[in-house]
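J.: The structure's right below; bear with me while I get my questions together.
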Amino acid sequence: MSDYFGKDVFKLGFGLMRLPKLQNGEIDIPQTSEMVDKFLEAGGTYFDTAYVYDNGGSERAIKKALIDRHPRERFTLCTKLNAGMQCHDEKSAKQQFYTSLERTGAGYFDYYLLHALQRNNYKKYDEYHIWDFVKEQKEKGLIRYFGFSFHADPALLEELLTVHPEVDFIQLQINYADWENPGVASRECYEIARKHGKSITVMEPVKGGALAKPPQGVQELFKAANPDASMASWAIRYVASMDGILTVLSGMSNLAQMEDNLSYMRDFKPLSDDEKAVILAAQAELKKDNSIKCTACHYCTEGCPMGIAIPEIFAVCNSETLKPSWDGGKQAYAIATQDKGKASECIECGQCEGACPQHLEIISLLKKCRTMEG
């Protein structure tokens, strides 16, 4: 591999978007603390959160589980500023940075990202002067390295990296399922980033957990190649084997996931040629999969005026596609949408489609899901 910024960083990063929850919906601090300890003991350093994760619950949780319990030099922390969510003007957008500092108690951020740049929001970061604001914080020592996370087309990525060559790194969605997916364009975006000499932190390597339990045909391929390897291990090692990867973020939700990830990333070995051939076969098998490619990030529900449970509805639909139930999914649908908006209540405002990182045609997909309503 070539020399690049972040080459020696532990290649598994701890994504803090999907932390374990208690029955009351609050983050499980004791279990999160144990996960943090195991991660650090294995050599992990990179923790990734964001202002908008769980309305700040993630940032507050990592203060209790990590920052208040371990020396600051033992870890690095990344968080993000989202100019398209939970703010309405330049002042409130910039306030996210100061609020994140207060919530985490980190003192400074090792890594900082302009969050989820897409066609429908990237101009906000110019309008609110966020690029200059972040550079000012770096000059003050409150940020060590900065960049942006990206959910759009290759042409926009090329434009942003040309206009902003000063960024230290970027965050991209890369996984073997989306490598040639035109809606995500993992390969093209990766190649553009490397052409510009940018290191990459990877989000969604397991595609919101979907590749931890891929279609049966894919599972059979992996099990035949290595009966002892988890499905997630194939996905994470696939991305970690690429040149220019700073770290691969895994949004771990329990101790079992942490222990599984550390079992093969503690002494990480890139994919062999034979294993790469298995991935190619898996990619071919995935072309037969007709499920809705939702990662349950919930960005779509943030501004839905009808409060529709979009990811939950899609999950029920996918379950029905895989194995139809006796009632066509009506009972599961009723449970998933209890006290929430239903597919038939969609007013087609399009807010969800503009926010979706996967660029799903949510309005038309919701129409298909109406058959599950009682």
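Following the order of the structure tokens, first chain is A, next is B, and so on, with residues numbered from 1 inside each chain and ligands from 1 in the order they appear.
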Set out as a Markdown table a contact list for segment 129-175 of chain A and segment 187-194 of chain A with a cut-off of 12 Å, giving each residue of segment 129-175 of chain A that qualifies its closest atom pair and distance in Å to one decimal, counting only C-alpha atoms, ordered by chain and rising residue number.
T.:
| residue | atom | partner | partner_atom | distance |
| --- | --- | --- | --- | --- |
| A:Gly147 | CA | A:Ala193 | CA | 11.7 |
| A:Phe148 | CA | A:Ala193 | CA | 11.6 |
| A:Ser149 | CA | A:Cys189 | CA | 11.6 |
| A:Phe150 | CA | A:Cys189 | CA | 9.1 |
| A:His151 | CA | A:Cys189 | CA | 9.7 |
| A:Ala152 | CA | A:Cys189 | CA | 9.0 |
| A:Asp153 | CA | A:Cys189 | CA | 7.7 |
| A:Pro154 | CA | A:Cys189 | CA | 5.4 |
| A:Ala155 | CA | A:Cys189 | CA | 8.8 |
| A:Leu156 | CA | A:Cys189 | CA | 9.6 |
| A:Leu157 | CA | A:Cys189 | CA | 7.0 |
| A:Glu158 | CA | A:Ile192 | CA | 6.5 |
| A:Glu159 | CA | A:Ile192 | CA | 10.2 |
| A:Leu160 | CA | A:Ala193 | CA | 10.4 |
| A:Leu161 | CA | A:Ala193 | CA | 7.8 |
| A:Thr162 | CA | A:Ile192 | CA | 10.4 |
| A:Pro165 | CA | A:Ala193 | CA | 10.7 |
| A:Val167 | CA | A:Ala193 | CA | 11.0 |
| A:Asp168 | CA | A:Ala193 | CA | 11.0 |
| A:Phe169 | CA | A:Ala193 | CA | 8.7 |
| A:Ile170 | CA | A:Ala193 | CA | 7.7 |
| A:Gln171 | CA | A:Ala193 | CA | 9.6 |
| A:Leu172 | CA | A:Tyr190 | CA | 7.5 |
| A:Gln173 | CA | A:Cys189 | CA | 8.9 |
| A:Ile174 | CA | A:Arg187 | CA | 7.7 |
| A:Asn175 | CA | A:Arg187 | CA | 9.2 |
J.: Write a file of the just-selected residues containing C-alpha atoms, as a short mmCIF file (atom, residue, chain, number, x, y, z; two decimals), in the first residue's frame.
T.:
data_model
loop_
_atom_site.label_atom_id
_atom_site.label_comp_id
_atom_site.auth_asym_id
_atom_site.auth_seq_id
_atom_site.Cartn_x
_atom_site.Cartn_y
_atom_site.Cartn_z
CA GLY A 147 -13.19 17.07 5.96
CA PHE A 148 -16.71 16.13 4.92
CA SER A 149 -18.93 13.09 4.70
CA PHE A 150 -20.55 12.59 1.32
CA HIS A 151 -23.78 11.10 -0.02
CA ALA A 152 -24.05 12.29 -3.61
CA ASP A 153 -22.84 11.79 -7.17
CA PRO A 154 -19.22 11.57 -8.35
CA ALA A 155 -19.47 14.85 -10.27
CA LEU A 156 -20.26 16.78 -7.09
CA LEU A 157 -17.44 15.04 -5.23
CA GLU A 158 -15.02 16.07 -7.97
CA GLU A 159 -16.26 19.66 -7.71
CA LEU A 160 -15.97 19.80 -3.91
CA LEU A 161 -12.47 18.36 -3.80
CA THR A 162 -11.36 20.75 -6.53
CA PRO A 165 -8.25 20.93 -1.66
CA VAL A 167 -9.60 19.07 3.45
CA ASP A 168 -7.52 16.43 5.23
CA PHE A 169 -9.82 13.47 4.59
CA ILE A 170 -13.36 12.55 3.56
CA GLN A 171 -15.93 9.99 4.62
CA LEU A 172 -17.59 7.79 2.00
CA GLN A 173 -20.11 4.97 1.92
CA ILE A 174 -18.23 1.96 0.58
CA ASN A 175 -19.22 -1.69 0.71
#
J.: Determine which residues of segment 69-136 of chain A DSSP labels as alpha helix (DSSP H) from the backbone of this structure, then write them out as an NGL selection string.
T.: :A and (90-104 or 122-127 or 130-136)
J.: Those selected residues, please, written with N, CA and C atoms and delivered as a PDB file, in the first residue's frame.
T.:
ATOM      1  N   GLU A  90     -27.282  30.555   9.943  1.00  0.00           N
ATOM      2  CA  GLU A  90     -25.838  30.437  10.136  1.00  0.00           C
ATOM      3  C   GLU A  90     -25.467  30.311  11.606  1.00  0.00           C
ATOM      4  N   LYS A  91     -26.112  31.088  12.454  1.00  0.00           N
ATOM      5  CA  LYS A  91     -25.784  31.054  13.876  1.00  0.00           C
ATOM      6  C   LYS A  91     -26.080  29.695  14.489  1.00  0.00           C
ATOM      7  N   SER A  92     -27.248  29.133  14.191  1.00  0.00           N
ATOM      8  CA  SER A  92     -27.613  27.846  14.779  1.00  0.00           C
ATOM      9  C   SER A  92     -26.790  26.705  14.194  1.00  0.00           C
ATOM     10  N   ALA A  93     -26.357  26.851  12.937  1.00  0.00           N
ATOM     11  CA  ALA A  93     -25.492  25.836  12.337  1.00  0.00           C
ATOM     12  C   ALA A  93     -24.136  25.819  13.044  1.00  0.00           C
ATOM     13  N   LYS A  94     -23.543  26.974  13.230  1.00  0.00           N
ATOM     14  CA  LYS A  94     -22.240  27.057  13.896  1.00  0.00           C
ATOM     15  C   LYS A  94     -22.331  26.649  15.367  1.00  0.00           C
ATOM     16  N   GLN A  95     -23.483  26.889  15.960  1.00  0.00           N
ATOM     17  CA  GLN A  95     -23.656  26.527  17.367  1.00  0.00           C
ATOM     18  C   GLN A  95     -23.501  25.022  17.583  1.00  0.00           C
ATOM     19  N   GLN A  96     -23.767  24.235  16.546  1.00  0.00           N
ATOM     20  CA  GLN A  96     -23.600  22.780  16.671  1.00  0.00           C
ATOM     21  C   GLN A  96     -22.188  22.431  17.137  1.00  0.00           C
ATOM     22  N   PHE A  97     -21.198  23.129  16.625  1.00  0.00           N
ATOM     23  CA  PHE A  97     -19.814  22.865  17.013  1.00  0.00           C
ATOM     24  C   PHE A  97     -19.616  23.088  18.517  1.00  0.00           C
ATOM     25  N   TYR A  98     -20.079  24.220  19.009  1.00  0.00           N
ATOM     26  CA  TYR A  98     -19.888  24.543  20.431  1.00  0.00           C
ATOM     27  C   TYR A  98     -20.698  23.604  21.325  1.00  0.00           C
ATOM     28  N   THR A  99     -21.891  23.241  20.859  1.00  0.00           N
ATOM     29  CA  THR A  99     -22.717  22.302  21.624  1.00  0.00           C
ATOM     30  C   THR A  99     -22.046  20.938  21.694  1.00  0.00           C
ATOM     31  N   SER A 100     -21.454  20.514  20.585  1.00  0.00           N
ATOM     32  CA  SER A 100     -20.750  19.231  20.574  1.00  0.00           C
ATOM     33  C   SER A 100     -19.574  19.240  21.541  1.00  0.00           C
ATOM     34  N   LEU A 101     -18.835  20.348  21.591  1.00  0.00           N
ATOM     35  CA  LEU A 101     -17.742  20.469  22.558  1.00  0.00           C
ATOM     36  C   LEU A 101     -18.258  20.340  23.988  1.00  0.00           C
ATOM     37  N   GLU A 102     -19.396  20.987  24.252  1.00  0.00           N
ATOM     38  CA  GLU A 102     -19.961  20.935  25.601  1.00  0.00           C
ATOM     39  C   GLU A 102     -20.478  19.537  25.932  1.00  0.00           C
ATOM     40  N   ARG A 103     -21.204  18.923  25.002  1.00  0.00           N
ATOM     41  CA  ARG A 103     -21.767  17.597  25.248  1.00  0.00           C
ATOM     42  C   ARG A 103     -20.687  16.553  25.513  1.00  0.00           C
ATOM     43  N   THR A 104     -19.633  16.590  24.709  1.00  0.00           N
ATOM     44  CA  THR A 104     -18.604  15.559  24.811  1.00  0.00           C
ATOM     45  C   THR A 104     -17.571  15.844  25.892  1.00  0.00           C
ATOM     46  N   TYR A 122     -25.566  21.014  -0.081  1.00  0.00           N
ATOM     47  CA  TYR A 122     -24.152  21.403  -0.020  1.00  0.00           C
ATOM     48  C   TYR A 122     -23.942  22.913  -0.102  1.00  0.00           C
ATOM     49  N   LYS A 123     -24.869  23.614  -0.745  1.00  0.00           N
ATOM     50  CA  LYS A 123     -24.721  25.069  -0.847  1.00  0.00           C
ATOM     51  C   LYS A 123     -24.951  25.769   0.496  1.00  0.00           C
ATOM     52  N   LYS A 124     -25.649  25.079   1.408  1.00  0.00           N
ATOM     53  CA  LYS A 124     -25.866  25.633   2.743  1.00  0.00           C
ATOM     54  C   LYS A 124     -24.533  25.878   3.453  1.00  0.00           C
ATOM     55  N   TYR A 125     -23.577  24.987   3.211  1.00  0.00           N
ATOM     56  CA  TYR A 125     -22.281  25.108   3.882  1.00  0.00           C
ATOM     57  C   TYR A 125     -21.515  26.342   3.395  1.00  0.00           C
ATOM     58  N   ASP A 126     -21.780  26.762   2.154  1.00  0.00           N
ATOM     59  CA  ASP A 126     -21.225  28.023   1.658  1.00  0.00           C
ATOM     60  C   ASP A 126     -22.030  29.204   2.185  1.00  0.00           C
ATOM     61  N   GLU A 127     -23.346  29.079   2.112  1.00  0.00           N
ATOM     62  CA  GLU A 127     -24.237  30.160   2.545  1.00  0.00           C
ATOM     63  C   GLU A 127     -24.000  30.522   4.006  1.00  0.00           C
ATOM     64  N   ILE A 130     -19.575  27.883   6.568  1.00  0.00           N
ATOM     65  CA  ILE A 130     -19.122  26.803   7.453  1.00  0.00           C
ATOM     66  C   ILE A 130     -17.695  26.371   7.123  1.00  0.00           C
ATOM     67  N   TRP A 131     -17.328  26.376   5.863  1.00  0.00           N
ATOM     68  CA  TRP A 131     -15.960  25.989   5.502  1.00  0.00           C
ATOM     69  C   TRP A 131     -14.948  26.886   6.217  1.00  0.00           C
ATOM     70  N   ASP A 132     -15.167  28.202   6.144  1.00  0.00           N
ATOM     71  CA  ASP A 132     -14.245  29.138   6.806  1.00  0.00           C
ATOM     72  C   ASP A 132     -14.304  28.983   8.319  1.00  0.00           C
ATOM     73  N   PHE A 133     -15.490  28.746   8.843  1.00  0.00           N
ATOM     74  CA  PHE A 133     -15.665  28.580  10.285  1.00  0.00           C
ATOM     75  C   PHE A 133     -14.853  27.394  10.804  1.00  0.00           C
ATOM     76  N   VAL A 134     -14.911  26.270  10.085  1.00  0.00           N
ATOM     77  CA  VAL A 134     -14.183  25.079  10.514  1.00  0.00           C
ATOM     78  C   VAL A 134     -12.674  25.310  10.409  1.00  0.00           C
ATOM     79  N   LYS A 135     -12.241  25.996   9.361  1.00  0.00           N
ATOM     80  CA  LYS A 135     -10.811  26.289   9.229  1.00  0.00           C
ATOM     81  C   LYS A 135     -10.336  27.181  10.383  1.00  0.00           C
ATOM     82  N   GLU A 136     -11.193  28.096  10.821  1.00  0.00           N
ATOM     83  CA  GLU A 136     -10.850  28.945  11.966  1.00  0.00           C
ATOM     84  C   GLU A 136     -10.684  28.117  13.236  1.00  0.00           C
TER      85      GLU A 136
END
J.: Of the candidates A:Ala334, A:Pro215, A:Ala282, A:Asp228, which shows the shortest atom-to-atom distance to Asn318 of chain A, using only C-alpha atoms?
T.: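 Result for the nearest residue to Asn318 of chain A: A:Pro215.
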J.: Near segment 304-315 of chain A, counting only C-alpha atoms, which residues have an atom at most 7 Å away, once you skip same-chain residues fewer than 6 positions from it, shown as number ranges by chain?
T.: A: 292, 294, 296, 298, 333, 336-337, 340-343, 345-346, 351-352
J.: Atoms to include: N, CA and C atoms. Write the selected residues as a PDB file, in the first residue's frame.
T.:
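Heads up, here's the output in result00.pdb:
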ATOM      1  N   ILE A 292     -35.638  -3.696  -0.555  1.00  0.00           N
ATOM      2  CA  ILE A 292     -35.455  -2.247  -0.490  1.00  0.00           C
ATOM      3  C   ILE A 292     -34.146  -1.972   0.233  1.00  0.00           C
ATOM      4  N   CYS A 294     -32.675  -0.006   2.211  1.00  0.00           N
ATOM      5  CA  CYS A 294     -32.719   0.982   3.284  1.00  0.00           C
ATOM      6  C   CYS A 294     -31.755   0.580   4.395  1.00  0.00           C
ATOM      7  N   ALA A 296     -31.781   2.148   7.404  1.00  0.00           N
ATOM      8  CA  ALA A 296     -32.409   2.563   8.662  1.00  0.00           C
ATOM      9  C   ALA A 296     -31.645   3.676   9.369  1.00  0.00           C
ATOM     10  N   HIS A 298     -32.645   6.724   9.364  1.00  0.00           N
ATOM     11  CA  HIS A 298     -33.718   7.599   9.852  1.00  0.00           C
ATOM     12  C   HIS A 298     -33.557   9.071   9.461  1.00  0.00           C
ATOM     13  N   TYR A 333     -46.730  -5.162  10.272  1.00  0.00           N
ATOM     14  CA  TYR A 333     -46.855  -3.755   9.857  1.00  0.00           C
ATOM     15  C   TYR A 333     -47.540  -2.936  10.944  1.00  0.00           C
ATOM     16  N   ALA A 336     -45.095  -2.309  13.751  1.00  0.00           N
ATOM     17  CA  ALA A 336     -44.026  -1.380  13.352  1.00  0.00           C
ATOM     18  C   ALA A 336     -44.515   0.058  13.258  1.00  0.00           C
ATOM     19  N   THR A 337     -45.798   0.238  12.967  1.00  0.00           N
ATOM     20  CA  THR A 337     -46.318   1.602  12.759  1.00  0.00           C
ATOM     21  C   THR A 337     -47.202   2.083  13.906  1.00  0.00           C
ATOM     22  N   LYS A 340     -47.365   5.713  14.971  1.00  0.00           N
ATOM     23  CA  LYS A 340     -46.562   6.402  13.959  1.00  0.00           C
ATOM     24  C   LYS A 340     -47.357   6.512  12.663  1.00  0.00           C
ATOM     25  N   GLY A 341     -46.869   7.337  11.746  1.00  0.00           N
ATOM     26  CA  GLY A 341     -47.541   7.500  10.468  1.00  0.00           C
ATOM     27  C   GLY A 341     -47.429   6.253   9.603  1.00  0.00           C
ATOM     28  N   LYS A 342     -48.450   6.015   8.801  1.00  0.00           N
ATOM     29  CA  LYS A 342     -48.490   4.844   7.918  1.00  0.00           C
ATOM     30  C   LYS A 342     -48.207   5.250   6.478  1.00  0.00           C
ATOM     31  N   ALA A 343     -47.921   4.284   5.641  1.00  0.00           N
ATOM     32  CA  ALA A 343     -47.566   4.552   4.244  1.00  0.00           C
ATOM     33  C   ALA A 343     -48.664   5.316   3.519  1.00  0.00           C
ATOM     34  N   GLU A 345     -50.512   7.567   4.541  1.00  0.00           N
ATOM     35  CA  GLU A 345     -50.609   8.962   4.977  1.00  0.00           C
ATOM     36  C   GLU A 345     -49.589   9.868   4.291  1.00  0.00           C
ATOM     37  N   CYS A 346     -48.767   9.302   3.436  1.00  0.00           N
ATOM     38  CA  CYS A 346     -47.751  10.102   2.730  1.00  0.00           C
ATOM     39  C   CYS A 346     -48.409  11.175   1.872  1.00  0.00           C
ATOM     40  N   GLN A 351     -39.687  15.448   1.039  1.00  0.00           N
ATOM     41  CA  GLN A 351     -38.638  15.732   2.020  1.00  0.00           C
ATOM     42  C   GLN A 351     -37.750  14.522   2.237  1.00  0.00           C
ATOM     43  N   CYS A 352     -38.372  13.361   2.342  1.00  0.00           N
ATOM     44  CA  CYS A 352     -37.633  12.133   2.633  1.00  0.00           C
ATOM     45  C   CYS A 352     -36.649  11.779   1.531  1.00  0.00           C
TER      46      CYS A 352
END
J.: Choose the residue, out of A:Thr49, A:Pro357, A:Val36, A:Asn181, that has the smallest atom-to-atom separation from Asn121 of chain A; count only C-alpha atoms.
T.: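 Closest to Asn121 of chain A, using only C-alpha atoms: A:Pro357.
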J.: Just the strand (DSSP E or B) stuff from segment 178-315 of chain A, please, per backbone DSSP, written as a list of chain:residue names.
T.: A:Ser199, A:Ile200, A:Thr201, A:Val202, A:Met203, A:Ile245, A:Leu246, A:Thr247, A:Val248, A:Leu249, A:Ser250, A:Ile308
J.: Give me the residues near Val206 of chain A as a PyMOL selection string, where near means some atom within 7 Å (using only C-alpha atoms) and where sequence neighbours in that chain fewer than 5 positions away do not count.
T.: chain A and resi 175+211-212+232+235-236
J.: Output C-alpha atoms for every residue in the selection just made, as an mmCIF file, in the first residue's frame.
T.:
data_model
loop_
_atom_site.group_PDB
_atom_site.id
_atom_site.type_symbol
_atom_site.label_atom_id
_atom_site.label_comp_id
_atom_site.auth_asym_id
_atom_site.auth_seq_id
_atom_site.Cartn_x
_atom_site.Cartn_y
_atom_site.Cartn_z
ATOM 1 C CA ASN A 175 -19.217 -1.691 0.711
ATOM 2 C CA LEU A 211 -24.468 -7.352 5.013
ATOM 3 C CA ALA A 212 -24.258 -8.962 8.452
ATOM 4 C CA ALA A 232 -19.766 -8.932 8.761
ATOM 5 C CA ALA A 235 -17.761 -6.813 4.484
ATOM 6 C CA ILE A 236 -15.383 -4.972 6.814
#
J.: Find the residues near segment 266-276 of chain A: any atom within 9 Å, counting only C-alpha atoms, skip ones fewer than 2 places away on the same chain, and give them as a ChimeraX atom specification.
T.: /A:10-12,42-44,225,234,237-238,240-242,261-264,278-281
J.: So which residues touch Gly329 of chain A within 12 Å, counting only C-alpha atoms, skipping near sequence neighbours fewer than 3 positions away, as a PDB file with N, CA and C atoms, in the first residue's frame?
T.:
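So the final result, stored in selection17.pdb, reads:
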ATOM      1  N   ILE A 313     -41.305   0.412   8.108  1.00  0.00           N
ATOM      2  CA  ILE A 313     -42.201  -0.112   7.069  1.00  0.00           C
ATOM      3  C   ILE A 313     -41.405  -0.886   6.026  1.00  0.00           C
ATOM      4  N   PHE A 314     -40.262  -0.338   5.624  1.00  0.00           N
ATOM      5  CA  PHE A 314     -39.434  -1.025   4.628  1.00  0.00           C
ATOM      6  C   PHE A 314     -38.881  -2.338   5.181  1.00  0.00           C
ATOM      7  N   ALA A 315     -38.554  -2.361   6.471  1.00  0.00           N
ATOM      8  CA  ALA A 315     -38.045  -3.592   7.082  1.00  0.00           C
ATOM      9  C   ALA A 315     -39.096  -4.694   7.038  1.00  0.00           C
ATOM     10  N   VAL A 316     -40.357  -4.329   7.321  1.00  0.00           N
ATOM     11  CA  VAL A 316     -41.445  -5.312   7.250  1.00  0.00           C
ATOM     12  C   VAL A 316     -41.632  -5.788   5.810  1.00  0.00           C
ATOM     13  N   CYS A 317     -41.573  -4.866   4.869  1.00  0.00           N
ATOM     14  CA  CYS A 317     -41.716  -5.224   3.453  1.00  0.00           C
ATOM     15  C   CYS A 317     -40.616  -6.188   3.018  1.00  0.00           C
ATOM     16  N   ASN A 318     -39.383  -5.915   3.442  1.00  0.00           N
ATOM     17  CA  ASN A 318     -38.267  -6.801   3.082  1.00  0.00           C
ATOM     18  C   ASN A 318     -38.439  -8.180   3.692  1.00  0.00           C
ATOM     19  N   SER A 319     -38.930  -8.220   4.916  1.00  0.00           N
ATOM     20  CA  SER A 319     -39.172  -9.503   5.572  1.00  0.00           C
ATOM     21  C   SER A 319     -40.220 -10.307   4.812  1.00  0.00           C
ATOM     22  N   GLU A 320     -41.237  -9.622   4.338  1.00  0.00           N
ATOM     23  CA  GLU A 320     -42.288 -10.293   3.557  1.00  0.00           C
ATOM     24  C   GLU A 320     -41.762 -10.791   2.216  1.00  0.00           C
ATOM     25  N   THR A 321     -40.865 -10.019   1.620  1.00  0.00           N
ATOM     26  CA  THR A 321     -40.276 -10.427   0.340  1.00  0.00           C
ATOM     27  C   THR A 321     -39.438 -11.692   0.509  1.00  0.00           C
ATOM     28  N   LEU A 322     -38.697 -11.748   1.637  1.00  0.00           N
ATOM     29  CA  LEU A 322     -37.838 -12.893   1.896  1.00  0.00           C
ATOM     30  C   LEU A 322     -38.638 -14.132   2.271  1.00  0.00           C
ATOM     31  N   LYS A 323     -39.634 -13.942   3.155  1.00  0.00           N
ATOM     32  CA  LYS A 323     -40.434 -15.080   3.620  1.00  0.00           C
ATOM     33  C   LYS A 323     -41.840 -14.585   3.961  1.00  0.00           C
ATOM     34  N   PRO A 324     -42.780 -14.701   3.025  1.00  0.00           N
ATOM     35  CA  PRO A 324     -44.140 -14.202   3.241  1.00  0.00           C
ATOM     36  C   PRO A 324     -44.802 -14.824   4.468  1.00  0.00           C
ATOM     37  N   SER A 325     -45.514 -14.009   5.229  1.00  0.00           N
ATOM     38  CA  SER A 325     -46.235 -14.499   6.402  1.00  0.00           C
ATOM     39  C   SER A 325     -47.678 -14.827   6.040  1.00  0.00           C
ATOM     40  N   TRP A 326     -48.389 -15.439   6.979  1.00  0.00           N
ATOM     41  CA  TRP A 326     -49.751 -15.910   6.709  1.00  0.00           C
ATOM     42  C   TRP A 326     -50.731 -14.786   6.388  1.00  0.00           C
ATOM     43  N   ALA A 332     -47.265  -7.597  11.473  1.00  0.00           N
ATOM     44  CA  ALA A 332     -45.948  -6.989  11.665  1.00  0.00           C
ATOM     45  C   ALA A 332     -45.977  -5.503  11.316  1.00  0.00           C
ATOM     46  N   TYR A 333     -46.730  -5.162  10.272  1.00  0.00           N
ATOM     47  CA  TYR A 333     -46.855  -3.755   9.857  1.00  0.00           C
ATOM     48  C   TYR A 333     -47.540  -2.936  10.944  1.00  0.00           C
ATOM     49  N   ALA A 334     -48.595  -3.502  11.538  1.00  0.00           N
ATOM     50  CA  ALA A 334     -49.337  -2.794  12.579  1.00  0.00           C
ATOM     51  C   ALA A 334     -48.447  -2.519  13.788  1.00  0.00           C
ATOM     52  N   ILE A 335     -47.603  -3.484  14.131  1.00  0.00           N
ATOM     53  CA  ILE A 335     -46.696  -3.309  15.267  1.00  0.00           C
ATOM     54  C   ILE A 335     -45.645  -2.239  14.946  1.00  0.00           C
ATOM     55  N   ALA A 336     -45.095  -2.309  13.751  1.00  0.00           N
ATOM     56  CA  ALA A 336     -44.026  -1.380  13.352  1.00  0.00           C
ATOM     57  C   ALA A 336     -44.515   0.058  13.258  1.00  0.00           C
ATOM     58  N   CYS A 369     -46.040  -0.434  -0.298  1.00  0.00           N
ATOM     59  CA  CYS A 369     -46.164  -0.989   1.050  1.00  0.00           C
ATOM     60  C   CYS A 369     -47.570  -0.864   1.632  1.00  0.00           C
ATOM     61  N   ARG A 370     -48.433  -0.115   0.954  1.00  0.00           N
ATOM     62  CA  ARG A 370     -49.779   0.095   1.485  1.00  0.00           C
ATOM     63  C   ARG A 370     -50.593  -1.198   1.561  1.00  0.00           C
ATOM     64  N   THR A 371     -50.202  -2.208   0.786  1.00  0.00           N
ATOM     65  CA  THR A 371     -50.945  -3.466   0.790  1.00  0.00           C
ATOM     66  C   THR A 371     -50.878  -4.165   2.144  1.00  0.00           C
ATOM     67  N   MET A 372     -49.912  -3.770   2.986  1.00  0.00           N
ATOM     68  CA  MET A 372     -49.766  -4.421   4.291  1.00  0.00           C
ATOM     69  C   MET A 372     -50.645  -3.765   5.365  1.00  0.00           C
ATOM     70  N   GLU A 373     -51.309  -2.676   5.024  1.00  0.00           N
ATOM     71  CA  GLU A 373     -52.178  -2.012   5.984  1.00  0.00           C
ATOM     72  C   GLU A 373     -53.468  -2.812   6.161  1.00  0.00           C
ATOM     73  N   GLY A 374     -53.937  -2.917   7.406  1.00  0.00           N
ATOM     74  CA  GLY A 374     -55.142  -3.695   7.689  1.00  0.00           C
ATOM     75  C   GLY A 374     -56.404  -3.041   7.148  1.00  0.00           C
TER      76      GLY A 374
END
J.: Measuring atom to atom with only C-alpha atoms, identify which of A:Val218, A:His359, A:Gln338, A:Ala284 is nearest to Glu180 of chain A.
T.: A:Ala284
J.: How far is it from atom CA of Leu81 of chain A to atom CA of Leu114 of chain A, in Å with one decimal?
T.: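 Straight-line distance from atom CA of Leu81 of chain A to atom CA of Leu114 of chain A works out to 5.2 Å.
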J.: Taking 5 positions as the minimum chain separation for residues in the same chain, which residues sit within 9 Å of Cys78 of chain A when counting only C-alpha atoms? Answer as an MDAnalysis selection string.
T.: chainID A and resid 46:50 109:113
J.: Record the distance separating atom CA of Phe14 of chain A and atom CA of Lys38 of chain A, expressed in Å with one decimal.
T.: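 One can read the atom CA of Phe14 of chain A to atom CA of Lys38 of chain A distance as 11.0 Å.
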J.: Which of these residues is nearest to Arg60 of chain A, using only C-alpha atoms: A:Leu77, A:Glu353, A:Gln219, A:Ile27?
T.: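 Ranking A:Leu77, A:Glu353, A:Gln219, A:Ile27 by distance to Arg60 of chain A, first place goes to A:Ile27.
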J.: Rounded to one decimal place, report the atom CA of Val52 of chain A-atom CA of Ile362 of chain A distance in Å.
T.: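 Distance between the two atoms: 21.7 Å.
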J.: Could you tell me which of A:Gly354, A:Ala106, A:Gly84, A:Asn55 comes closest to Asp68 of chain A if we count only C-alpha atoms?
T.: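 Residue with the minimum atom-to-atom distance to Asp68 of chain A: A:Ala106.
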J.: Let me make sure I understand: among A:Thr201, A:Gln137, A:Asn82, A:Gln31, which one has the smallest atom-to-atom distance to His115 of chain A if we use only C-alpha atoms?
T.: A:Asn82
